[in-house]
Amino acid sequence: MSLYVAFLSAAPDDDLRSRFSDLESDMDHFSFSGREIYWHIQGKVTDSPLFGTGLQKATGDVPTTMRNMTTVRRLVAKHGA
């Protein structure tokens with residue numbers, strides 16, 4: 001299982017939540033918390049059909065940056081919360 005987090009500048013509106021919910025499958029699941037979207041992948045990110053442009057279509061013109069949770073944990077350990 002892989003876990004990625006997309007950081008947004010503002011909390012996702014209902015339209016963006018809906019676009020991500022429409023992408024859910026047995027392999028890909030999304031959850032939301034504040035200005036973050038968590039992407040739970042059964043397997044590696046490269047195994048997901050959303051890898052590449054799939055998520056870009058969902059976010060549209062909403063600016064995001066996405067990181068693997070392992071990277072996020074390392075950054076927090078190094079620089080603090």
# chains A, B, ... in the order shown; residues from 1 in each chain; ligands from 1
$ select_by_dssp --residues "region 9-76 of chain A" --states "strand (DSSP E or B)" --output "number ranges by chain"
A: 28-33, 36-41, 64-68
$ residues_around --residues "Ile37 (chain A)" --least-positions-apart "3" --cutoff "10 Å" --atoms "only C-alpha atoms" --output "PyMOL selection string"
chain A and resi 4-8+11-12+17+20+30-34+40+64+66
$ select_by_dssp --residues "chain A" --states "helix (DSSP H, G or I)" --output "list of chain:residue names"
A:Asp14, A:Asp15, A:Leu16, A:Arg17, A:Ser18, A:Arg19, A:Phe20, A:Ser21, A:Asp22, A:Val45, A:Thr46, A:Asp47, A:Gly54, A:Leu55, A:Gln56, A:Lys57, A:Ala58, A:Thr59, A:Met69, A:Thr70, A:Thr71, A:Val72, A:Arg73, A:Arg74, A:Leu75, A:Val76, A:Ala77, A:Lys78, A:His79
$ closest_residue --among "A:Ser48, A:Ala10, A:Gly80, A:Leu3" --to "Asp26 (chain A)" --atoms "only C-alpha atoms"
A:Ser48
$ atom_distance --atom1 "CA of Ser25 (chain A)" --atom2 "CA of Gly60 (chain A)"
19.8 Å
$ closest_residue --among "A:Leu23, A:His79, A:Ser9, A:Asp14" --to "Leu55 (chain A)" --atoms "only C-alpha atoms"
A:Leu23
$ atom_distance --atom1 "CA of Lys57 (chain A)" --atom2 "CA of Thr70 (chain A)"
24.8 Å
$ closest_residue --among "A:Leu75, A:Leu16, A:Met69, A:Val62" --to "Ser2 (chain A)" --atoms "only C-alpha atoms"
A:Met69
$ closest_residue --among "A:Val72, A:Ser21, A:Tyr38, A:Asp28" --to "Phe51 (chain A)" --atoms "only C-alpha atoms"
A:Asp28
